[in-house]
Amino acid sequence: MINNPYKLLGVSKDTPFKEIKSAYRALAKKFHPDTGGDAKKILAINAAWEILKNAESKTKDSSGKEINQKYTDNYQTPRNQGSGKDKEISLWLKVVYIPIDRLMGEVLNPFPTKLKNLSADPYDDLLMASFCEYIEKSQRKLIKVKDIYQSIPTPLEAKHFSLMLYQCFSELQDGINEWERYTAGYVESYLHDGNEMLLKAKKKRFLLKKEKMNF
């Protein structure tokens with residue numbers, strides 16, 4: 001039982017989340033068993049981090065609901081204007097698919113370079129800082145992706161395409177999550193699994209682009 005996760009990580013409740021994450025990463029690196037650290041200590045550090053990370057996620061989810069409402073208000077099809085099948089699909093592609101595809105590209109396109117750079121020396125602070133910055137930016141983009149996806153109803157004719165899109169950004173999210181886990185404890189399997197998930201997401205995004213041509 002962690003009584004005070006802030007104290008364990010050497011931060012306070014007023015410390016910005018980015019600095020809390022940096023403090024946790026430094027402690028994880030210091031006490032990781034692979035580098036001669038204390039196994040019991042790293043377990044307590046990881047538990048404290050999970051508590052604070054989950055609290056931050058709930059805050060982001062709450063903000064996301066407001067963003068989602070903004071998209072809904074701006075893009076709902078007016079009832080008094082009617083909505084033919086072509087018009088509904090065109091609107092959905094413009095408001096949902098195209099912005100999501102752009103955001104997914106902003107996450108997927110840099111990832112091979114980011115992985116290559118980190119592989120040079122995972123324990124280098126500057127390389128890890130750059131890698132973590134990429135992950136943080138990616139997480140923010142993926143929050144936007146989820147908000148956009150829920151912003152307007154999917155036309156019946158685009159249900160299958162919409163499901164493919166959901167599977168694509170879910171795979172992408174899982175991959176980024178695995179990489180984030182790697183930065184916390186330097187466990188190689190997280191890095192490998194994340195890479196595989198990102199590659200699958202990249203292939204699915206390519207298939208989506210081909211499928212879009214059918215509309």
# chains A, B, ... in the order shown; residues from 1 in each chain; ligands from 1
call {"tool": "closest_atom_pairs", "arguments": {"of": "segment 124-209 of chain A", "to": "segment 44-53 of chain A", "cutoff": "12 Å", "atoms": "only C-alpha atoms", "output": "Markdown table"}}
result
| residue | atom | partner | partner_atom | distance |
| --- | --- | --- | --- | --- |
| A:Glu180 | CA | A:Lys53 | CA | 11.4 |
| A:Arg181 | CA | A:Asn46 | CA | 10.4 |
| A:Thr183 | CA | A:Asn46 | CA | 11.9 |
| A:Ala184 | CA | A:Asn46 | CA | 8.2 |
| A:Gly185 | CA | A:Asn46 | CA | 8.5 |
call {"tool": "residues_around", "arguments": {"residues": "Tyr24 of chain A", "least_positions_apart": "3", "cutoff": "7 Å", "atoms": "only C-alpha atoms", "output": "number ranges by chain"}}
result
A: 9, 20-21, 27-28, 49
call {"tool": "residues_around", "arguments": {"residues": "segment 106-116 of chain A", "least_positions_apart": "3", "cutoff": "7 Å", "atoms": "only C-alpha atoms", "output": "list in words"}}
result
Arg102, Leu103, Ser119, Ala120, Phe131, Ser138 and Lys202 of chain A
call {"tool": "atom_distance", "arguments": {"atom1": "atom CA of Val96 of chain A", "atom2": "atom CA of Lys209 of chain A"}}
result
13.8 Å
call {"tool": "closest_residue", "arguments": {"among": "A:Tyr6, A:Ala26, A:Glu19, A:Ser90", "to": "Ala158 of chain A", "atoms": "only C-alpha atoms"}}
result
A:Ser90
